[in-house]
$ cat data_1.pdb   # PDB, C-alpha atoms, pLDDT in the B column
MODEL        1
ATOM      1  CA  GLN F   1      80.388 -85.554 238.213  1.00 87.00           C
ATOM      2  CA  VAL F   2      83.104 -85.670 235.594  1.00 91.00           C
ATOM      3  CA  GLN F   3      82.482 -86.662 231.995  1.00 94.00           C
ATOM      4  CA  LEU F   4      85.313 -88.058 229.888  1.00 96.00           C
ATOM      5  CA  VAL F   5      85.192 -88.429 226.123  1.00 95.00           C
ATOM      6  CA  GLU F   6      87.985 -90.277 224.349  1.00 95.00           C
ATOM      7  CA  SER F   7      88.861 -90.083 220.686  1.00 95.00           C
ATOM      8  CA  GLY F   8      91.699 -90.963 218.349  1.00 96.00           C
ATOM      9  CA  GLY F   9      91.648 -94.734 218.308  1.00 95.00           C
ATOM     10  CA  GLY F  10      91.719 -96.782 215.155  1.00 97.00           C
ATOM     11  CA  LEU F  11      93.591 -99.297 213.050  1.00 98.00           C
ATOM     12  CA  VAL F  12      97.303 -98.762 212.545  1.00 98.00           C
ATOM     13  CA  GLN F  13     100.109-100.865 211.146  1.00 98.00           C
ATOM     14  CA  PRO F  14     102.950-102.080 213.365  1.00 98.00           C
ATOM     15  CA  GLY F  15     105.473 -99.307 213.815  1.00 97.00           C
ATOM     16  CA  GLY F  16     102.841 -96.647 213.313  1.00 98.00           C
ATOM     17  CA  SER F  17     101.613 -93.904 215.612  1.00 98.00           C
ATOM     18  CA  LEU F  18      98.353 -92.739 217.116  1.00 98.00           C
ATOM     19  CA  ARG F  19      97.374 -89.894 219.398  1.00 98.00           C
ATOM     20  CA  LEU F  20      94.508 -90.448 221.792  1.00 98.00           C
ATOM     21  CA  SER F  21      92.617 -87.535 223.300  1.00 98.00           C
ATOM     22  CA  CYS F  22      90.465 -87.372 226.418  1.00 97.00           C
ATOM     23  CA  ALA F  23      88.318 -84.305 226.967  1.00 95.00           C
ATOM     24  CA  ALA F  24      87.068 -83.746 230.500  1.00 94.00           C
ATOM     25  CA  SER F  25      83.997 -81.741 231.465  1.00 90.00           C
ATOM     26  CA  GLY F  26      81.839 -81.228 234.533  1.00 88.00           C
ATOM     27  CA  SER F  27      83.340 -80.924 238.009  1.00 81.00           C
ATOM     28  CA  ILE F  28      86.927 -80.888 236.859  1.00 82.00           C
ATOM     29  CA  PHE F  29      88.212 -78.438 239.477  1.00 81.00           C
ATOM     30  CA  SER F  30      89.263 -81.139 241.932  1.00 83.00           C
ATOM     31  CA  ILE F  31      90.764 -83.654 239.517  1.00 87.00           C
ATOM     32  CA  ASN F  32      94.195 -84.522 240.875  1.00 89.00           C
ATOM     33  CA  ALA F  33      95.325 -86.942 238.187  1.00 93.00           C
ATOM     34  CA  MET F  34      94.319 -88.258 234.799  1.00 95.00           C
ATOM     35  CA  GLY F  35      95.536 -91.322 233.041  1.00 96.00           C
ATOM     36  CA  TRP F  36      95.160 -93.915 230.350  1.00 98.00           C
ATOM     37  CA  TYR F  37      94.464 -97.580 230.939  1.00 98.00           C
ATOM     38  CA  ARG F  38      93.967-100.388 228.466  1.00 98.00           C
ATOM     39  CA  GLN F  39      92.257-103.729 228.400  1.00 98.00           C
ATOM     40  CA  ALA F  40      92.875-106.460 225.866  1.00 96.00           C
ATOM     41  CA  PRO F  41      90.459-109.389 225.471  1.00 92.00           C
ATOM     42  CA  GLY F  42      90.910-111.860 228.310  1.00 93.00           C
ATOM     43  CA  ASN F  43      93.201-109.519 230.228  1.00 95.00           C
ATOM     44  CA  GLN F  44      92.736-107.231 233.188  1.00 97.00           C
ATOM     45  CA  ARG F  45      92.669-103.490 232.715  1.00 97.00           C
ATOM     46  CA  GLU F  46      96.176-102.122 233.149  1.00 97.00           C
ATOM     47  CA  LEU F  47      97.769 -98.729 233.572  1.00 97.00           C
ATOM     48  CA  VAL F  48      99.425 -97.243 230.511  1.00 98.00           C
ATOM     49  CA  ALA F  49     100.323 -93.751 231.707  1.00 98.00           C
ATOM     50  CA  ILE F  50      99.223 -91.182 234.255  1.00 97.00           C
ATOM     51  CA  ILE F  51      99.809 -87.471 234.767  1.00 96.00           C
ATOM     52  CA  THR F  52      99.129 -85.631 238.013  1.00 93.00           C
ATOM     53  CA  SER F  53      97.860 -82.099 238.434  1.00 89.00           C
ATOM     54  CA  GLY F  54     101.441 -81.156 239.247  1.00 89.00           C
ATOM     55  CA  GLY F  55     102.666 -82.572 235.955  1.00 91.00           C
ATOM     56  CA  THR F  56     104.324 -85.707 237.288  1.00 96.00           C
ATOM     57  CA  THR F  57     104.074 -88.604 234.861  1.00 97.00           C
ATOM     58  CA  ASN F  58     104.354 -92.347 235.216  1.00 97.00           C
ATOM     59  CA  TYR F  59     104.379 -95.031 232.550  1.00 98.00           C
ATOM     60  CA  ALA F  60     104.001 -98.770 232.343  1.00 97.00           C
ATOM     61  CA  ASP F  61     107.311-100.451 231.558  1.00 97.00           C
ATOM     62  CA  SER F  62     105.797-101.873 228.382  1.00 96.00           C
ATOM     63  CA  VAL F  63     105.282 -98.402 226.864  1.00 97.00           C
ATOM     64  CA  LYS F  64     108.216 -96.417 228.260  1.00 97.00           C
ATOM     65  CA  GLY F  65     110.063 -94.685 225.479  1.00 96.00           C
ATOM     66  CA  ARG F  66     107.181 -95.193 223.058  1.00 97.00           C
ATOM     67  CA  CYS F  67     104.339 -93.251 224.667  1.00 97.00           C
ATOM     68  CA  THR F  68     104.018 -89.738 226.007  1.00 98.00           C
ATOM     69  CA  ILE F  69     101.168 -88.445 228.141  1.00 98.00           C
ATOM     70  CA  SER F  70     100.501 -84.723 228.148  1.00 96.00           C
ATOM     71  CA  ARG F  71      97.739 -82.304 228.946  1.00 93.00           C
ATOM     72  CA  ASP F  72      96.303 -79.014 227.768  1.00 90.00           C
ATOM     73  CA  ASN F  73      94.798 -77.322 230.805  1.00 84.00           C
ATOM     74  CA  ALA F  74      93.084 -74.670 228.698  1.00 87.00           C
ATOM     75  CA  LYS F  75      91.196 -77.398 226.828  1.00 88.00           C
ATOM     76  CA  ASN F  76      90.791 -79.730 229.823  1.00 89.00           C
ATOM     77  CA  THR F  77      92.216 -82.437 227.611  1.00 93.00           C
ATOM     78  CA  VAL F  78      94.781 -85.146 228.151  1.00 96.00           C
ATOM     79  CA  TYR F  79      96.640 -86.772 225.281  1.00 97.00           C
ATOM     80  CA  LEU F  80      98.473 -90.045 224.811  1.00 98.00           C
ATOM     81  CA  GLN F  81     100.939 -90.030 221.940  1.00 98.00           C
ATOM     82  CA  MET F  82     101.803 -93.593 221.012  1.00 98.00           C
ATOM     83  CA  ASN F  83     104.692 -94.362 218.675  1.00 98.00           C
ATOM     84  CA  SER F  84     106.311 -97.560 217.412  1.00 98.00           C
ATOM     85  CA  LEU F  85     103.077 -99.397 218.026  1.00 98.00           C
ATOM     86  CA  LYS F  86     103.149-103.175 218.356  1.00 97.00           C
ATOM     87  CA  PRO F  87     100.417-105.785 217.879  1.00 97.00           C
ATOM     88  CA  GLU F  88     100.462-106.341 221.642  1.00 96.00           C
ATOM     89  CA  ASP F  89      99.327-102.744 222.107  1.00 97.00           C
ATOM     90  CA  THR F  90      95.960-103.757 220.673  1.00 98.00           C
ATOM     91  CA  ALA F  91      93.302-103.060 223.304  1.00 98.00           C
ATOM     92  CA  VAL F  92      90.477-100.786 224.321  1.00 98.00           C
ATOM     93  CA  TYR F  93      92.029 -97.686 225.821  1.00 98.00           C
ATOM     94  CA  TYR F  94      90.200 -95.954 228.653  1.00 98.00           C
ATOM     95  CA  CYS F  95      90.694 -92.505 230.066  1.00 97.00           C
ATOM     96  CA  GLN F  96      90.542 -92.143 233.837  1.00 97.00           C
ATOM     97  CA  ALA F  97      90.136 -89.092 236.043  1.00 95.00           C
ATOM     98  CA  ARG F  98      90.769 -89.135 239.779  1.00 93.00           C
ATOM     99  CA  ARG F  99      89.187 -86.917 242.374  1.00 89.00           C
ATOM    100  CA  PRO F 100      89.541 -87.535 246.099  1.00 87.00           C
ATOM    101  CA  ASN F 101      87.702 -90.803 246.783  1.00 88.00           C
ATOM    102  CA  VAL F 102      86.168 -90.926 243.284  1.00 92.00           C
ATOM    103  CA  ILE F 103      87.371 -92.359 239.985  1.00 95.00           C
ATOM    104  CA  TYR F 104      85.748 -91.665 236.643  1.00 95.00           C
ATOM    105  CA  TRP F 105      86.125 -93.596 233.393  1.00 97.00           C
ATOM    106  CA  GLY F 106      85.524 -92.791 229.782  1.00 97.00           C
ATOM    107  CA  GLN F 107      83.727 -95.125 227.423  1.00 96.00           C
ATOM    108  CA  GLY F 108      86.928 -96.382 225.812  1.00 96.00           C
ATOM    109  CA  THR F 109      88.401 -96.220 222.343  1.00 97.00           C
ATOM    110  CA  GLN F 110      89.639 -99.206 220.357  1.00 98.00           C
ATOM    111  CA  VAL F 111      93.245 -99.339 219.206  1.00 98.00           C
ATOM    112  CA  THR F 112      94.138-102.133 216.807  1.00 98.00           C
ATOM    113  CA  VAL F 113      97.696-102.668 215.632  1.00 98.00           C
ATOM    114  CA  SER F 114      97.775-105.027 212.692  1.00 96.00           C
ATOM    115  CA  SER F 115      99.192-105.360 209.215  1.00 95.00           C
TER     116      SER F 115
ENDMDL
END
$ encode --input "data_1.pdb" --output "structure tokens"
Amino acid sequence: QVQLVESGGGLVQPGGSLRLSCAASGSIFSINAMGWYRQAPGNQRELVAIITSGGTTNYADSVKGRCTISRDNAKNTVYLQMNSLKPEDTAVYYCQARRPNVIYWGQGTQVTVSS
């Protein structure tokens, strides 16, 4: 089992920044990728960014140039730095960890972009 705990969400004004953190614990030795997804009310959950164990990253077109995913292997933590936030970025953000044939999710953290 893998446990994921997200933090860092909150209320921010348009144009502001937030950094989300996702701390992984448990059977983390075989995690081959971690990522961030988001889900706004009435919408499907969508990929925001992902980083593989080899360091390869991928971003949704909607956040390219504004978000950066990174990881600290010593802390078993993945980060999502979000800049130039827009109201349409408002959603619950979920951390995901992938092991072969198994996907784990965190509980989610709310990000609200509003003036």
$ atom_distance --input "data_1.pdb" --atom1 "CA of Met82 (chain F)" --atom2 "CA of Val111 (chain F)"
10.5 Å
$ resolve_selection --input "data_1.pdb" --expression "the PyMOL selection byres ((chain F and resi 9) around 8)" --output "short mmCIF file (atom, residue, chain, number, x, y, z; two decimals) with C-alpha atoms, in the frame of the given file"
data_model
loop_
_atom_site.label_atom_id
_atom_site.label_comp_id
_atom_site.auth_asym_id
_atom_site.auth_seq_id
_atom_site.Cartn_x
_atom_site.Cartn_y
_atom_site.Cartn_z
CA SER F 7 88.86 -90.08 220.69
CA GLY F 8 91.70 -90.96 218.35
CA GLY F 10 91.72 -96.78 215.16
CA LEU F 11 93.59 -99.30 213.05
CA LEU F 18 98.35 -92.74 217.12
CA ARG F 19 97.37 -89.89 219.40
CA LEU F 20 94.51 -90.45 221.79
CA THR F 109 88.40 -96.22 222.34
CA GLN F 110 89.64 -99.21 220.36
CA VAL F 111 93.24 -99.34 219.21
CA THR F 112 94.14 -102.13 216.81
#
$ closest_residue --input "data_1.pdb" --among "F:Ala60, F:Ala91, F:Leu80, F:Ile69" --to "Ala40 (chain F)" --atoms "all atoms listed in the file"
F:Ala91
$ closest_residue --input "data_1.pdb" --among "F:Gln3, F:Thr90, F:Ser115, F:Ser25" --to "Lys75 (chain F)" --atoms "all atoms listed in the file"
F:Ser25
$ closest_atom_pairs --input "data_1.pdb" --of "region 63-96 of chain F" --to "region 41-47 of chain F" --cutoff "12 Å" --atoms "all atoms listed in the file" --output "tab-separated table"
residue	atom	partner	partner_atom	distance
F:Val63	CA	F:Leu47	CA	10.1
F:Lys64	CA	F:Leu47	CA	11.9
F:Glu88	CA	F:Pro41	CA	11.1
F:Asp89	CA	F:Glu46	CA	11.5
F:Thr90	CA	F:Pro41	CA	9.2
F:Ala91	CA	F:Pro41	CA	7.3
F:Val92	CA	F:Pro41	CA	8.7
F:Tyr93	CA	F:Arg45	CA	9.0
F:Tyr94	CA	F:Arg45	CA	8.9
F:Cys95	CA	F:Leu47	CA	10.1
F:Gln96	CA	F:Leu47	CA	9.8
$ atom_distance --input "data_1.pdb" --atom1 "CA of Ser53 (chain F)" --atom2 "CA of Arg66 (chain F)"
22.2 Å
$ atom_distance --input "data_1.pdb" --atom1 "CA of Val2 (chain F)" --atom2 "CA of Cys67 (chain F)"
25.1 Å
$ residues_near_point --input "data_1.pdb" --point "(92.2, -82.6, 241.7)" --cutoff "7 Å" --atoms "only C-alpha atoms" --output "MDAnalysis selection string"
chainID F and resid 29:33 53 98:99
$ axis_aligned_box --input "data_1.pdb" --around "region 79-95 of chain F" --padding-each-side "3 Å" --output "lines of an AutoDock Vina configuration file"
center_x = 98.3
center_y = -96.6
center_z = 223.7
size_x = 22.1
size_y = 25.6
size_z = 18.7
$ residues_near_point --input "data_1.pdb" --point "(90.5, -79.8, 234.0)" --cutoff "6 Å" --atoms "only C-alpha atoms" --output "ChimeraX atom specification"
/F:28,73,76
$ resolve_selection --input "data_1.pdb" --expression "the PyMOL selection byres ((chain F and resi 22) around 7)" --output "number ranges by chain"
F: 4-7, 20-21, 23-24, 77-79, 95
$ closest_residue --input "data_1.pdb" --among "F:Pro100, F:Gly26, F:Gly108, F:Gly15" --to "Gln39 (chain F)" --atoms "only C-alpha atoms"
F:Gly108
$ closest_residue --input "data_1.pdb" --among "F:Ser84, F:Thr57, F:Asn101, F:Thr68" --to "Val12 (chain F)" --atoms "only C-alpha atoms"
F:Ser84
$ residues_around --input "data_1.pdb" --residues "Ile50 (chain F)" --least-positions-apart "3" --cutoff "6 Å" --atoms "all atoms listed in the file" --output "JSON, numbers by chain"
{"F": [34, 35, 57, 58]}
$ closest_residue --input "data_1.pdb" --among "F:Leu85, F:Ala74, F:Gly106, F:Trp36" --to "Thr52 (chain F)" --atoms "only C-alpha atoms"
F:Trp36
